[in-house]
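Have a look at final15.txt; it's compact mmCIF, C-alpha atoms:
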```
# COMPACT_ATOMS: atom_id res chain seq x y z
CA MET A 171 -22.97 29.05 57.89
CA ALA A 172 -23.67 31.07 54.74
CA ASN A 173 -26.97 31.56 52.98
CA VAL A 174 -25.49 33.00 49.77
CA LEU A 175 -22.61 31.73 47.68
CA VAL A 176 -20.98 34.17 45.25
CA VAL A 177 -19.05 32.42 42.48
CA ASP A 178 -16.82 34.54 40.25
CA ASP A 179 -13.26 34.23 39.05
CA SER A 180 -12.89 37.98 39.40
CA ASN A 181 -11.76 38.99 42.86
CA THR A 182 -13.17 42.44 42.20
CA MET A 183 -16.64 41.13 41.34
CA ARG A 184 -16.62 38.85 44.38
CA GLU A 185 -15.81 41.85 46.55
CA ILE A 186 -18.48 44.04 44.95
CA VAL A 187 -21.26 41.45 45.16
CA ALA A 188 -20.30 39.84 48.46
CA GLY A 189 -19.63 43.25 50.00
CA TYR A 190 -23.05 44.55 49.03
CA LEU A 191 -24.89 41.44 50.20
CA SER A 192 -22.99 41.34 53.51
CA GLN A 193 -23.91 44.95 54.18
CA ASN A 194 -27.53 44.03 53.62
CA GLY A 195 -27.81 41.18 56.08
CA PHE A 196 -26.70 38.14 54.11
CA GLN A 197 -24.13 35.60 55.27
CA VAL A 198 -21.89 35.25 52.24
CA ALA A 199 -19.45 32.58 51.11
CA VAL A 200 -17.34 32.98 47.99
CA ALA A 201 -15.89 30.65 45.37
CA THR A 202 -13.44 31.35 42.56
CA ASP A 203 -14.92 29.16 39.82
CA GLY A 204 -17.56 26.49 39.19
CA ARG A 205 -15.42 23.72 40.59
CA ASP A 206 -14.80 25.65 43.78
CA GLY A 207 -18.50 26.53 43.91
CA LEU A 208 -19.49 22.86 43.91
CA LEU A 209 -17.07 22.17 46.77
CA GLN A 210 -18.45 25.08 48.80
CA LEU A 211 -22.03 24.00 48.25
CA ARG A 212 -21.24 20.46 49.31
CA SER A 213 -19.67 21.67 52.54
CA ASP A 214 -22.36 24.19 53.43
CA PRO A 215 -25.93 22.90 53.32
CA GLY A 216 -27.27 26.27 54.51
CA ILE A 217 -26.71 27.93 51.15
CA LYS A 218 -30.03 28.93 49.65
CA LEU A 219 -28.86 31.17 46.84
CA ILE A 220 -25.95 31.02 44.42
CA VAL A 221 -24.96 34.10 42.44
CA SER A 222 -22.56 32.93 39.76
CA ASP A 223 -20.63 34.19 36.78
CA VAL A 224 -20.83 32.13 33.58
CA ASN A 225 -17.42 32.49 31.95
CA MET A 226 -14.84 31.20 34.41
CA PRO A 227 -11.69 29.12 34.20
CA ASN A 228 -11.78 25.41 35.08
CA MET A 229 -15.56 25.10 35.22
CA ASP A 230 -18.06 27.62 33.88
CA GLY A 231 -21.19 28.63 35.76
CA LEU A 232 -23.65 26.71 33.60
CA THR A 233 -21.74 23.48 33.98
CA MET A 234 -21.69 24.07 37.71
CA ALA A 235 -25.45 24.62 37.70
CA GLU A 236 -25.98 21.44 35.72
CA LYS A 237 -23.88 19.45 38.17
CA ILE A 238 -25.70 20.94 41.15
CA ARG A 239 -29.03 19.77 39.76
CA LYS A 240 -27.92 16.42 38.35
CA GLU A 241 -24.92 15.18 40.31
CA LEU A 242 -25.73 16.72 43.70
CA GLY A 243 -29.46 16.30 43.14
CA ASN A 244 -29.99 19.70 44.72
CA LYS A 245 -33.25 21.09 43.32
CA ASP A 246 -33.79 23.67 46.04
CA VAL A 247 -30.91 26.10 45.88
CA ARG A 248 -31.67 29.14 43.70
CA ILE A 249 -29.04 29.73 41.06
CA ILE A 250 -28.75 33.21 39.57
CA MET A 251 -26.28 33.80 36.77
CA LEU A 252 -24.57 37.20 36.98
CA THR A 253 -22.77 37.51 33.69
CA THR A 254 -21.80 39.66 30.77
CA GLU A 255 -23.51 37.11 28.51
CA ASP A 256 -26.84 38.17 27.04
CA ASN A 257 -27.40 35.80 24.17
CA PRO A 258 -30.67 33.88 24.01
CA ALA A 259 -29.03 30.51 23.36
CA MET A 260 -27.02 30.73 26.53
CA ARG A 261 -30.01 31.85 28.56
CA SER A 262 -31.94 28.94 27.09
CA ARG A 263 -29.18 26.54 28.09
CA GLY A 264 -29.27 28.06 31.55
CA LYS A 265 -33.00 27.41 31.78
CA ASP A 266 -32.49 23.84 30.59
CA VAL A 267 -29.88 23.07 33.25
CA GLY A 268 -31.96 24.50 36.06
CA VAL A 269 -30.81 28.08 36.46
CA THR A 270 -33.33 30.21 38.37
CA GLY A 271 -32.54 33.64 36.95
CA TRP A 272 -30.19 35.70 34.80
CA ILE A 273 -28.58 39.10 35.39
CA VAL A 274 -26.49 40.86 32.77
CA LYS A 275 -23.55 42.68 34.37
CA PRO A 276 -22.89 45.22 35.74
CA PHE A 277 -24.26 44.30 39.15
CA ARG A 278 -26.80 46.73 40.62
CA GLY A 279 -27.53 45.70 44.17
CA ASP A 280 -30.68 47.74 44.63
CA ALA A 281 -32.27 45.98 41.65
CA VAL A 282 -31.91 42.51 43.18
CA LEU A 283 -32.03 43.00 46.92
CA ALA A 284 -35.73 42.24 47.40
CA PRO A 285 -35.83 38.94 45.47
CA PHE A 286 -32.52 37.81 46.95
CA LYS A 287 -33.88 38.40 50.46
CA LYS A 288 -36.99 36.44 49.57
CA PHE A 289 -34.91 33.52 48.27
CA CYS A 290 -32.99 33.44 51.54
CA GLY A 291 -36.01 33.92 53.77
CA LEU A 292 -34.82 37.30 55.00
CA SER A 293 -37.72 39.48 53.93
CA MET B 225 -21.54 51.45 1.62
CA THR B 226 -20.71 51.71 5.30
CA GLU B 227 -20.05 55.17 6.62
CA THR B 228 -16.59 55.26 8.16
CA THR B 229 -15.13 57.60 10.71
CA GLN B 230 -12.31 59.93 9.75
CA LEU B 231 -10.16 59.08 12.73
CA GLU B 232 -7.13 61.13 13.61
CA ALA B 233 -3.49 60.13 14.06
CA LYS B 234 -0.62 61.84 15.85
CA VAL B 235 2.44 62.57 13.71
CA LEU B 236 5.82 64.04 14.47
CA LEU B 237 6.33 67.03 12.15
CA LEU B 238 10.01 67.71 11.52
CA GLU B 239 10.09 70.68 9.18
CA HIS B 240 12.31 73.78 9.30
CA ASP B 241 11.15 75.60 6.16
CA ALA B 242 8.62 78.23 7.29
CA ALA B 243 6.54 78.07 4.11
CA GLN B 244 6.49 74.25 4.08
CA TYR B 245 5.70 74.21 7.77
CA GLN B 246 2.59 76.29 7.11
CA VAL B 247 1.58 74.12 4.15
CA LEU B 248 2.05 70.92 6.14
CA THR B 249 0.23 72.22 9.18
CA GLU B 250 -2.79 72.95 7.01
CA PHE B 251 -2.40 69.61 5.24
CA CYS B 252 -2.38 67.77 8.56
CA GLN B 253 -5.55 69.51 9.64
CA SER B 254 -7.25 68.65 6.38
CA VAL B 255 -6.50 64.90 6.51
CA GLY B 256 -6.92 64.30 10.24
CA LEU B 257 -3.32 64.34 11.40
CA MET B 258 -2.50 65.92 14.76
CA ALA B 259 0.95 67.38 14.14
CA PHE B 260 3.59 67.61 16.85
CA PRO B 261 6.05 70.12 15.35
CA ARG B 262 9.57 69.63 16.69
CA SER B 263 13.15 70.53 15.85
CA SER B 264 15.65 67.83 15.01
CA ALA B 265 17.22 68.27 18.44
CA ASP B 266 13.91 67.46 20.15
CA ALA B 267 12.75 64.70 17.84
CA LEU B 268 14.03 61.67 19.71
CA ALA B 269 12.98 63.04 23.09
CA THR B 270 9.49 63.60 21.70
CA LEU B 271 9.42 60.01 20.48
CA ALA B 272 10.30 58.87 23.97
CA GLN B 273 7.46 60.92 25.44
CA ASN B 274 4.81 59.93 22.90
CA LYS B 275 4.21 56.21 22.54
CA ASP B 276 1.04 56.50 20.49
CA LEU B 277 2.15 58.03 17.23
CA GLY B 278 0.97 57.25 13.72
CA GLY B 279 3.96 58.41 11.69
CA VAL B 280 6.66 61.00 11.04
CA LEU B 281 6.74 63.83 8.47
CA LEU B 282 10.36 64.74 7.83
CA ALA B 283 12.15 67.21 5.54
CA GLU B 284 15.24 65.88 3.82
CA ASP B 285 17.13 69.16 4.31
CA LEU B 286 16.32 69.42 8.01
CA PRO B 287 19.58 70.46 9.72
CA CYS B 288 20.66 67.66 11.97
CA GLU B 289 24.04 67.64 13.69
CA GLY B 290 25.79 68.77 10.53
CA GLU B 291 23.95 66.20 8.39
CA ASP B 292 20.60 66.09 6.64
CA GLY B 293 17.23 64.72 7.69
CA LEU B 294 18.05 61.20 6.58
CA HIS B 295 20.48 60.97 9.47
CA LEU B 296 17.53 61.58 11.77
CA ALA B 297 15.33 59.20 9.76
CA ARG B 298 17.78 56.39 10.46
CA ALA B 299 17.77 57.17 14.18
CA ILE B 300 13.95 57.28 14.31
CA HIS B 301 13.61 54.07 12.33
CA LYS B 302 16.04 52.30 14.62
CA LEU B 303 13.99 53.27 17.67
CA ARG B 304 10.50 52.85 16.21
CA PRO B 305 10.54 50.90 12.93
CA GLU B 306 6.75 50.57 13.01
CA LEU B 307 6.32 54.31 12.42
CA PRO B 308 6.07 55.19 8.71
CA ILE B 309 8.39 58.04 7.75
CA PHE B 310 7.22 60.40 4.99
CA LEU B 311 10.25 62.19 3.56
CA ARG B 312 9.89 65.51 1.73
CA ARG B 313 12.62 65.34 -0.89
CA THR B 314 14.70 68.45 -1.43
CA THR B 315 17.48 66.97 -3.58
CA ASP B 316 17.71 64.72 -6.61
CA ARG B 317 20.27 62.36 -5.19
CA PRO B 318 19.17 58.73 -5.18
CA LEU B 319 18.58 57.17 -1.79
CA THR B 320 20.89 54.39 -0.71
CA PRO B 321 19.32 50.91 -0.23
CA GLU B 322 19.50 51.46 3.54
CA GLU B 323 17.73 54.82 3.24
CA GLU B 324 15.09 53.24 1.03
CA LYS B 325 14.30 50.80 3.83
CA VAL B 326 14.13 53.52 6.46
CA VAL B 327 11.84 55.86 4.54
CA ARG B 328 8.36 54.47 3.85
CA HIS B 329 7.29 57.22 1.39
CA ARG B 330 9.10 59.95 -0.50
CA TRP B 331 7.30 62.93 -1.91
CA ASN B 332 8.36 66.05 -3.73
CA THR B 333 7.69 69.50 -2.35
CA GLY B 334 4.27 70.68 -3.50
CA ASP B 335 2.92 67.25 -4.41
CA LEU B 336 0.37 67.06 -1.64
CA ASP B 337 -1.83 64.67 -3.57
CA HIS B 338 0.96 62.13 -3.48
CA LEU B 339 1.51 62.75 0.22
CA LYS B 340 -2.20 62.39 0.91
CA ALA B 341 -2.35 59.08 -0.92
CA ALA B 342 0.69 57.87 1.02
CA VAL B 343 -0.85 58.91 4.33
CA GLU B 344 -4.10 57.17 3.43
CA TYR B 345 -2.19 54.04 2.48
CA SER B 346 0.18 53.82 5.42
CA ILE B 347 -1.55 55.56 8.32
CA PHE B 348 -5.27 55.15 7.64
CA SER B 349 -5.11 51.75 5.97
CA LEU B 350 -8.03 50.35 7.99
CA ARG B 351 -11.32 52.18 8.02
CA TYR B 352 -13.57 51.85 11.04
CA PRO B 353 -17.34 52.28 10.71
CA THR B 354 -18.62 55.31 12.58
CA ARG B 355 -21.33 53.40 14.37
CA LEU B 356 -18.81 50.84 15.60
CA VAL B 357 -16.33 53.41 16.90
CA TYR B 358 -18.94 55.41 18.76
CA GLY B 359 -20.68 52.25 19.92
CA ILE B 360 -17.42 51.04 21.45
CA VAL B 361 -16.89 54.39 23.14
CA GLU B 362 -20.42 54.33 24.54
CA LEU B 363 -20.31 50.79 25.92
CA THR B 364 -16.81 51.30 27.33
CA ARG B 365 -17.81 54.49 29.10
CA SER B 366 -20.77 52.65 30.54
CA ALA B 367 -18.57 49.79 31.77
CA LEU B 368 -16.03 52.19 33.28
CA ALA B 369 -18.81 54.07 35.02
CA ALA B 370 -20.08 50.78 36.46
CA MET B 371 -16.64 49.78 37.77
CA PHE B 372 -15.65 53.28 38.88
CA PRO B 373 -19.00 54.81 39.86
CA ASN B 374 -17.45 57.76 41.68
CA ALA B 375 -15.19 58.84 38.83
CA LEU B 376 -16.01 61.21 36.00
CA VAL B 377 -15.42 59.29 32.76
CA VAL B 378 -14.52 61.35 29.70
CA SER B 379 -13.38 59.89 26.38
CA GLU B 380 -10.99 61.68 24.04
CA SER B 381 -11.40 61.59 20.27
CA PRO B 382 -10.62 58.13 18.88
CA TYR B 383 -7.43 57.97 16.81
CA VAL B 384 -5.22 55.37 15.14
CA VAL B 385 -1.67 54.47 16.18
CA HIS B 386 1.14 52.58 14.55
CA ASP B 387 3.28 52.48 17.67
CA ARG B 388 3.23 49.13 19.42
CA ILE B 389 4.44 50.31 22.78
CA ILE B 390 2.22 49.51 25.75
CA HIS B 391 0.99 52.39 27.89
CA GLY B 392 1.78 51.94 31.55
CA GLU B 393 2.63 48.75 33.40
CA VAL B 394 -0.72 46.99 33.73
CA SER B 395 -2.50 45.68 30.67
CA THR B 396 -5.17 43.16 29.78
CA LEU B 397 -5.79 41.20 26.63
CA ILE B 398 -8.94 39.41 25.52
CA ALA B 399 -9.91 37.77 22.25
CA ILE B 400 -12.70 39.34 20.20
CA GLU B 401 -14.35 37.11 17.61
CA SER B 402 -17.38 37.79 15.48
CA THR B 403 -18.62 37.00 12.02
CA TRP B 404 -16.97 40.20 10.85
CA CYS B 405 -13.78 40.33 12.90
CA ARG B 406 -11.23 38.32 14.83
CA GLY B 407 -8.72 40.03 17.07
CA TYR B 408 -8.02 41.29 20.56
CA MET B 409 -8.94 44.12 22.85
CA MET B 410 -6.41 45.54 25.28
CA LEU B 411 -6.74 47.89 28.22
CA GLN B 412 -3.53 49.56 29.34
CA THR B 413 -2.88 51.78 32.32
CA GLU B 414 -0.27 52.93 34.82
CA GLU B 415 -0.24 51.01 38.07
CA SER B 416 0.39 54.06 40.23
CA ALA B 417 -2.40 56.06 38.56
CA LEU B 418 -4.88 53.21 39.04
CA ARG B 419 -3.89 52.87 42.69
CA GLN B 420 -4.22 56.62 43.19
CA GLY B 421 -7.68 56.60 41.62
CA LEU B 422 -8.84 53.88 43.98
CA ILE B 423 -7.35 55.74 46.97
CA GLN B 424 -9.38 58.74 45.85
CA GLY B 425 -12.51 56.58 45.96
CA PHE B 426 -13.25 56.08 42.26
CA SER B 427 -14.68 52.60 42.90
CA TYR B 428 -16.88 51.05 45.58
CA ALA B 429 -15.90 51.43 49.21
CA GLY B 430 -13.64 48.62 50.33
CA ILE B 431 -12.95 47.31 46.84
CA GLY B 432 -9.33 46.62 46.06
CA GLY B 433 -8.28 45.56 49.56
CA ASP B 434 -4.84 46.93 50.36
CA LEU B 435 -4.42 47.97 46.73
CA ASN B 436 -1.48 45.69 46.10
CA PHE B 437 -0.67 45.09 42.45
CA ARG B 438 -2.73 41.90 42.26
CA GLU B 439 -5.83 43.76 43.43
CA LEU B 440 -5.20 46.41 40.80
CA ASN B 441 -4.80 43.72 38.18
CA HIS B 442 -8.16 42.29 39.20
CA MET B 443 -9.83 45.69 38.80
CA LEU B 444 -8.57 46.12 35.28
CA GLY B 445 -9.34 42.49 34.48
CA GLU B 446 -12.97 42.82 35.54
CA THR B 447 -13.32 46.10 33.70
CA THR B 448 -12.05 44.31 30.59
CA ASN B 449 -14.56 41.53 31.13
CA LEU B 450 -17.42 43.98 31.42
CA ILE B 451 -16.46 45.77 28.20
CA TRP B 452 -15.93 42.47 26.41
CA GLY B 453 -19.35 41.25 27.47
CA ALA B 454 -21.05 44.43 26.33
CA PHE B 455 -19.17 44.28 23.01
CA LYS B 456 -20.21 40.69 22.54
CA ASN B 457 -23.83 41.37 23.34
CA ARG B 458 -23.97 44.24 20.89
CA TYR B 459 -21.71 43.22 18.04
CA ILE B 460 -21.48 39.46 17.94
CA PRO B 461 -24.50 37.76 16.38
CA PRO B 462 -25.70 34.43 17.74
CA LYS B 463 -24.51 32.58 14.64
CA ALA B 464 -20.94 33.47 15.58
CA PHE B 465 -21.29 31.68 18.90
CA ALA B 466 -21.13 28.25 17.31
CA ASN B 467 -17.43 28.67 16.78
CA GLN B 468 -16.81 30.75 19.84
CA GLN B 469 -15.22 29.53 23.03
CA THR B 470 -15.25 31.02 26.49
CA GLN B 471 -12.65 33.72 27.04
CA VAL B 472 -11.31 35.30 30.21
CA PRO B 473 -9.07 38.37 30.30
CA ILE B 474 -5.33 37.85 30.45
CA VAL B 475 -3.75 40.36 32.84
CA ILE B 476 -0.14 41.46 32.44
CA ASN B 477 1.78 43.64 34.88
CA HIS B 478 5.13 44.52 33.37
CA GLU B 479 6.34 46.31 36.46
CA HIS B 480 6.19 43.04 38.39
CA LYS B 481 6.78 40.73 35.41
CA TYR B 482 3.40 39.23 36.18
CA ILE B 483 0.86 37.55 33.92
CA SER B 484 -2.41 35.95 34.96
CA PHE B 485 -4.65 33.77 32.85
CA GLY B 486 -7.35 33.83 35.51
CA SER B 487 -6.80 30.29 36.73
CA GLN B 488 -5.26 29.13 40.00
CA ASP B 489 -4.09 25.87 38.44
CA PRO B 490 -0.42 25.02 37.99
CA GLN B 491 1.11 25.76 34.61
CA LEU B 492 3.24 23.26 32.76
CA CYS B 493 6.74 24.72 32.57
CA ILE B 494 9.72 23.48 30.58
CA ARG B 495 13.08 25.24 30.50
CA TYR B 496 15.46 24.91 27.58
CA GLN B 497 19.14 25.76 27.78
CA LEU B 498 21.01 26.74 24.64
CA SER B 499 24.74 26.80 25.11
CA ASP B 500 27.83 27.12 22.98
CA PRO B 501 29.39 23.62 22.65
CA PHE B 502 32.75 25.21 21.99
CA ARG B 503 32.59 27.55 24.98
CA PRO B 504 31.14 25.48 27.80
CA GLY B 505 32.07 28.05 30.41
CA LEU B 506 29.71 30.69 29.11
CA PRO B 507 26.27 30.95 30.69
CA PRO B 508 23.56 29.33 28.56
CA LEU B 509 20.64 31.08 26.95
CA MET B 510 17.53 30.03 28.83
CA ILE B 511 14.20 29.75 27.01
CA VAL B 512 11.19 29.03 29.17
CA GLN B 513 8.08 27.41 27.73
CA ARG B 514 4.78 27.39 29.55
CA PHE B 515 1.44 25.82 28.72
CA ILE B 516 -1.60 27.34 30.35
CA PHE B 517 -4.79 25.36 29.86
CA ASN B 518 -6.93 27.84 31.71
CA LEU B 519 -10.15 27.53 29.75
CA HIS B 520 -10.49 23.80 29.41
CA TRP B 521 -8.44 20.85 30.56
CA SER B 522 -9.46 17.22 30.58
CA PRO B 523 -6.80 14.51 30.92
CA ASP B 524 -9.50 11.89 30.35
CA GLU B 525 -10.47 13.40 27.02
CA PHE B 526 -6.80 13.58 26.13
CA ALA B 527 -6.42 9.88 26.86
CA GLU B 528 -9.35 9.13 24.54
CA PHE B 529 -7.87 11.32 21.85
CA ASP B 530 -4.40 9.86 22.28
CA ALA B 531 -5.67 6.31 21.91
CA GLU B 532 -6.92 7.08 18.42
CA ALA B 533 -4.63 9.92 17.44
CA PRO B 534 -3.81 10.00 13.75
CA GLU B 535 -0.21 9.36 12.89
CA VAL B 536 1.70 12.57 12.41
CA GLY B 537 3.14 12.87 8.94
CA PRO B 538 6.72 13.70 8.15
CA THR B 539 7.79 17.29 8.25
CA GLY B 540 9.84 19.24 5.76
CA GLU B 541 9.01 16.91 2.91
CA LEU B 542 7.43 17.88 -0.38
CA GLU B 543 4.04 16.30 -0.96
CA LEU B 544 2.85 16.43 -4.54
CA PHE B 545 -0.84 16.14 -5.22
```

Translate this file's structure into structure tokens.
Amino acid sequence: MANVLVVDDSNTMREIVAGYLSQNGFQVAVATDGRDGLLQLRSDPGIKLIVSDVNMPNMDGLTMAEKIRKELGNKDVRIIMLTTEDNPAMRSRGKDVGVTGWIVKPFRGDAVLAPFKKFCGLS
Amino acid sequence: MTETTQLEAKVLLLEHDAAQYQVLTEFCQSVGLMAFPRSSADALATLAQNKDLGGVLLAEDLPCEGEDGLHLARAIHKLRPELPIFLRRTTDRPLTPEEEKVVRHRWNTGDLDHLKAAVEYSIFSLRYPTRLVYGIVELTRSALAAMFPNALVVSESPYVVHDRIIHGEVSTLIAIESTWCRGYMMLQTEESALRQGLIQGFSYAGIGGDLNFRELNHMLGETTNLIWGAFKNRYIPPKAFANQQTQVPIVINHEHKYISFGSQDPQLCIRYQLSDPFRPGLPPLMIVQRFIFNLHWSPDEFAEFDAEAPEVGPTGELELF
């Protein structure tokens, strides 16, 4: 059972983020896009944190977040967008659909480790 | 007025006259051309080795296998028609129509003002603002450092090219759209050099798996994404977003004839055979068409559209208003 789900269409980013989190005590599942992320979340109720890209094929990260809150009715899982996007309108949309936080790539593990551990009850 | 960068361009310098060689070397330095001086015998080999040229400076009377420089001009144009050839005339004879097509500009010995104007027109036809060029360099170096944290990243001086030949086997392509531009960014590299860099530990430990070509493609794809994002955040104002759609990098590996649009979904493929009706025994020409709806695909929305689709008008007919 995983406590973190990393959603990114980039295999390299999945390896970087999942690799770092695994080395720091997290149980990590991965998904290749928003659609896959929804499937993973449905099948693993232990996930407490989702770290997701925004721009992905098939289903983008914000649409996935919206579906998690509305269609799955899951208000508890923390959703952090890890993206190259930094425009205020997109952040605002993220806030509206229930995103918990926003990180502009590149990923710096040391900058997020403490809050991520807190979200997953590891601290 | 926006300050623009005097970028450089690499040119093949094919000149045998010692005095003219000196004049042209100084001219090149003064207008931002990096000259590669070569003899006629080495010209084509140099073309093969340098795929990022901006043009060719050629003397008409350059000895070339018993003929003049125009013989070489034809050979260069056949190989790389995108490279403008600047011919220094040494005779009064009119050029043939074929030679006119091959040579982009003709100039008379000593008329450097004419040559400069021709170089400005054909090589430096687009001017790039200084702040943009150096901004791109800065954000790209930052993205490369993030993806390859254990590598030393150095950028060479920016220059312009007219060659359209791709460097290496692995390349990416992503659309760039702003209020002030629409186009693409490419990254191009050699597969073996990228693999070697990762073996040497340029990136994070364990990244790249067994370093097969798909893993290498992913590395370059994500690097592209990072640069694209930084470019967008710096140079694309919010008002441009209204017309902007999501983009993901397209990764092409020529060595393996591989192209990825980032999606795992099946592509719609249709093959067309074109054959000679009078020679049925000959193998047909095969043209393959593929549709890749990697960024958005909704059959339901298509059904809605199709139900009320406007009738398509006739084609090839003149419509007078």

List as CSV every residue of chain A that is in contact with chain B, defined as an atom at most 9 Å from one of its atoms (using only C-alpha atoms), together with the nearest atom pair and the distance in Å rounded to one decimal, sorted by chain and then rising number.
```
residue,atom,partner,partner_atom,distance
A:Asp179,CA,B:Gly486,CA,6.9
A:Ser180,CA,B:Glu446,CA,6.2
A:Asn181,CA,B:His442,CA,6.1
A:Thr182,CA,B:Met443,CA,5.8
A:Met183,CA,B:Glu446,CA,7.1
A:Glu185,CA,B:Ile431,CA,6.2
A:Ile186,CA,B:Ile431,CA,6.7
A:Gly189,CA,B:Gly430,CA,8.1
A:Thr202,CA,B:Gln488,CA,8.9
A:Asp203,CA,B:Ser487,CA,8.8
A:Asn225,CA,B:Thr470,CA,6.1
A:Met226,CA,B:Val472,CA,6.8
A:Pro227,CA,B:Leu519,CA,5.0
A:Asn228,CA,B:Leu519,CA,6.0
A:Met229,CA,B:His520,CA,7.8
A:Asp230,CA,B:Thr470,CA,8.6
A:Thr253,CA,B:Gly453,CA,8.0
A:Thr254,CA,B:Gly453,CA,4.4
A:Glu255,CA,B:Gly453,CA,6.0
A:Asp256,CA,B:Asn457,CA,5.7
A:Asn257,CA,B:Asn457,CA,6.7
A:Pro258,CA,B:Pro462,CA,8.0
A:Ala259,CA,B:Pro462,CA,7.6
A:Val274,CA,B:Gly453,CA,8.9
A:Lys275,CA,B:Leu450,CA,6.9
A:Pro276,CA,B:Ala370,CA,6.3
A:Phe277,CA,B:Ala370,CA,8.2
A:Arg278,CA,B:Ala370,CA,8.9
```

What does the distance between CA of Gly195 in chain A and CA of Pro215 in chain A come to in Å, to one decimal place?
->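 One can read the CA of Gly195 in chain A to CA of Pro215 in chain A distance as 18.6 Å.
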
For Ala243 in chain B, which residue among B:Thr320, B:Asn374, B:Thr333, B:Thr354 is the nearest when counting all atoms listed in the file?
->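 Closest to Ala243 in chain B, using all atoms listed in the file: B:Thr333.
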
Quick one: residues within 12 Å of Val269 in chain A, all atoms listed in the file counted, chain neighbours fewer than 3 positions away excluded, as number ranges by chain?
-> A: 219-224, 231-239, 244-252, 260-266, 272-273

Grab the residues selected above and save them as a compact mmCIF listing (two decimals), keeping the file's coordinate frame with C-alpha atoms.
```txt
# COMPACT_ATOMS: atom_id res chain seq x y z
CA LEU A 219 -28.86 31.17 46.84
CA ILE A 220 -25.95 31.02 44.42
CA VAL A 221 -24.96 34.10 42.44
CA SER A 222 -22.56 32.93 39.76
CA ASP A 223 -20.63 34.19 36.78
CA VAL A 224 -20.83 32.13 33.58
CA GLY A 231 -21.19 28.63 35.76
CA LEU A 232 -23.65 26.71 33.60
CA THR A 233 -21.74 23.48 33.98
CA MET A 234 -21.69 24.07 37.71
CA ALA A 235 -25.45 24.62 37.70
CA GLU A 236 -25.98 21.44 35.72
CA LYS A 237 -23.88 19.45 38.17
CA ILE A 238 -25.70 20.94 41.15
CA ARG A 239 -29.03 19.77 39.76
CA ASN A 244 -29.99 19.70 44.72
CA LYS A 245 -33.25 21.09 43.32
CA ASP A 246 -33.79 23.67 46.04
CA VAL A 247 -30.91 26.10 45.88
CA ARG A 248 -31.67 29.14 43.70
CA ILE A 249 -29.04 29.73 41.06
CA ILE A 250 -28.75 33.21 39.57
CA MET A 251 -26.28 33.80 36.77
CA LEU A 252 -24.57 37.20 36.98
CA MET A 260 -27.02 30.73 26.53
CA ARG A 261 -30.01 31.85 28.56
CA SER A 262 -31.94 28.94 27.09
CA ARG A 263 -29.18 26.54 28.09
CA GLY A 264 -29.27 28.06 31.55
CA LYS A 265 -33.00 27.41 31.78
CA ASP A 266 -32.49 23.84 30.59
CA TRP A 272 -30.19 35.70 34.80
CA ILE A 273 -28.58 39.10 35.39
```

What separation in Å, quoted to one decimal, exists between CA of Arg312 in chain B and CA of Glu239 in chain B?
-> 9.1 Å

Between B:Phe251, B:Pro504, B:Leu336, B:His301, which is the closest to Glu322 in chain B once you count only C-alpha atoms?
-> B:His301

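Between CA of Arg419 in chain B and CA of Asn436 in chain B the separation is 8.3 Å.
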
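With all atoms listed in the file as the atoms that count, the residue of A:Asp178, A:Met171, A:Asp280, A:Phe289 with the shortest distance to Gly207 in chain A is A:Asp178.
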
With a distance cut-off of 12 Å and all atoms listed in the file, select the neighbouring residues of Ala172 in chain A, excluding the residue or stretch itself and same-chain residues fewer than 3 positions from it, and output the selection as a tab-separated table (two decimals) with C-alpha atoms, in the frame of the given file.
```tsv
chain	number	residue	atom	x	y	z
A	175	LEU	CA	-22.61	31.73	47.68
A	176	VAL	CA	-20.98	34.17	45.25
A	188	ALA	CA	-20.30	39.84	48.46
A	191	LEU	CA	-24.89	41.44	50.20
A	192	SER	CA	-22.99	41.34	53.51
A	195	GLY	CA	-27.81	41.18	56.08
A	196	PHE	CA	-26.70	38.14	54.11
A	197	GLN	CA	-24.13	35.60	55.27
A	198	VAL	CA	-21.89	35.25	52.24
A	199	ALA	CA	-19.45	32.58	51.11
A	200	VAL	CA	-17.34	32.98	47.99
A	210	GLN	CA	-18.45	25.08	48.80
A	211	LEU	CA	-22.03	24.00	48.25
A	213	SER	CA	-19.67	21.67	52.54
A	214	ASP	CA	-22.36	24.19	53.43
A	215	PRO	CA	-25.93	22.90	53.32
A	216	GLY	CA	-27.27	26.27	54.51
A	217	ILE	CA	-26.71	27.93	51.15
A	218	LYS	CA	-30.03	28.93	49.65
A	219	LEU	CA	-28.86	31.17	46.84
A	220	ILE	CA	-25.95	31.02	44.42
A	290	CYS	CA	-32.99	33.44	51.54
```

Just the residues within 7 Å of range 263-269 of chain B, please, counting all atoms listed in the file, with nothing from its chain fewer than 5 positions along; format it as JSON, numbers by chain.
-> {"B": [238, 288, 300]}
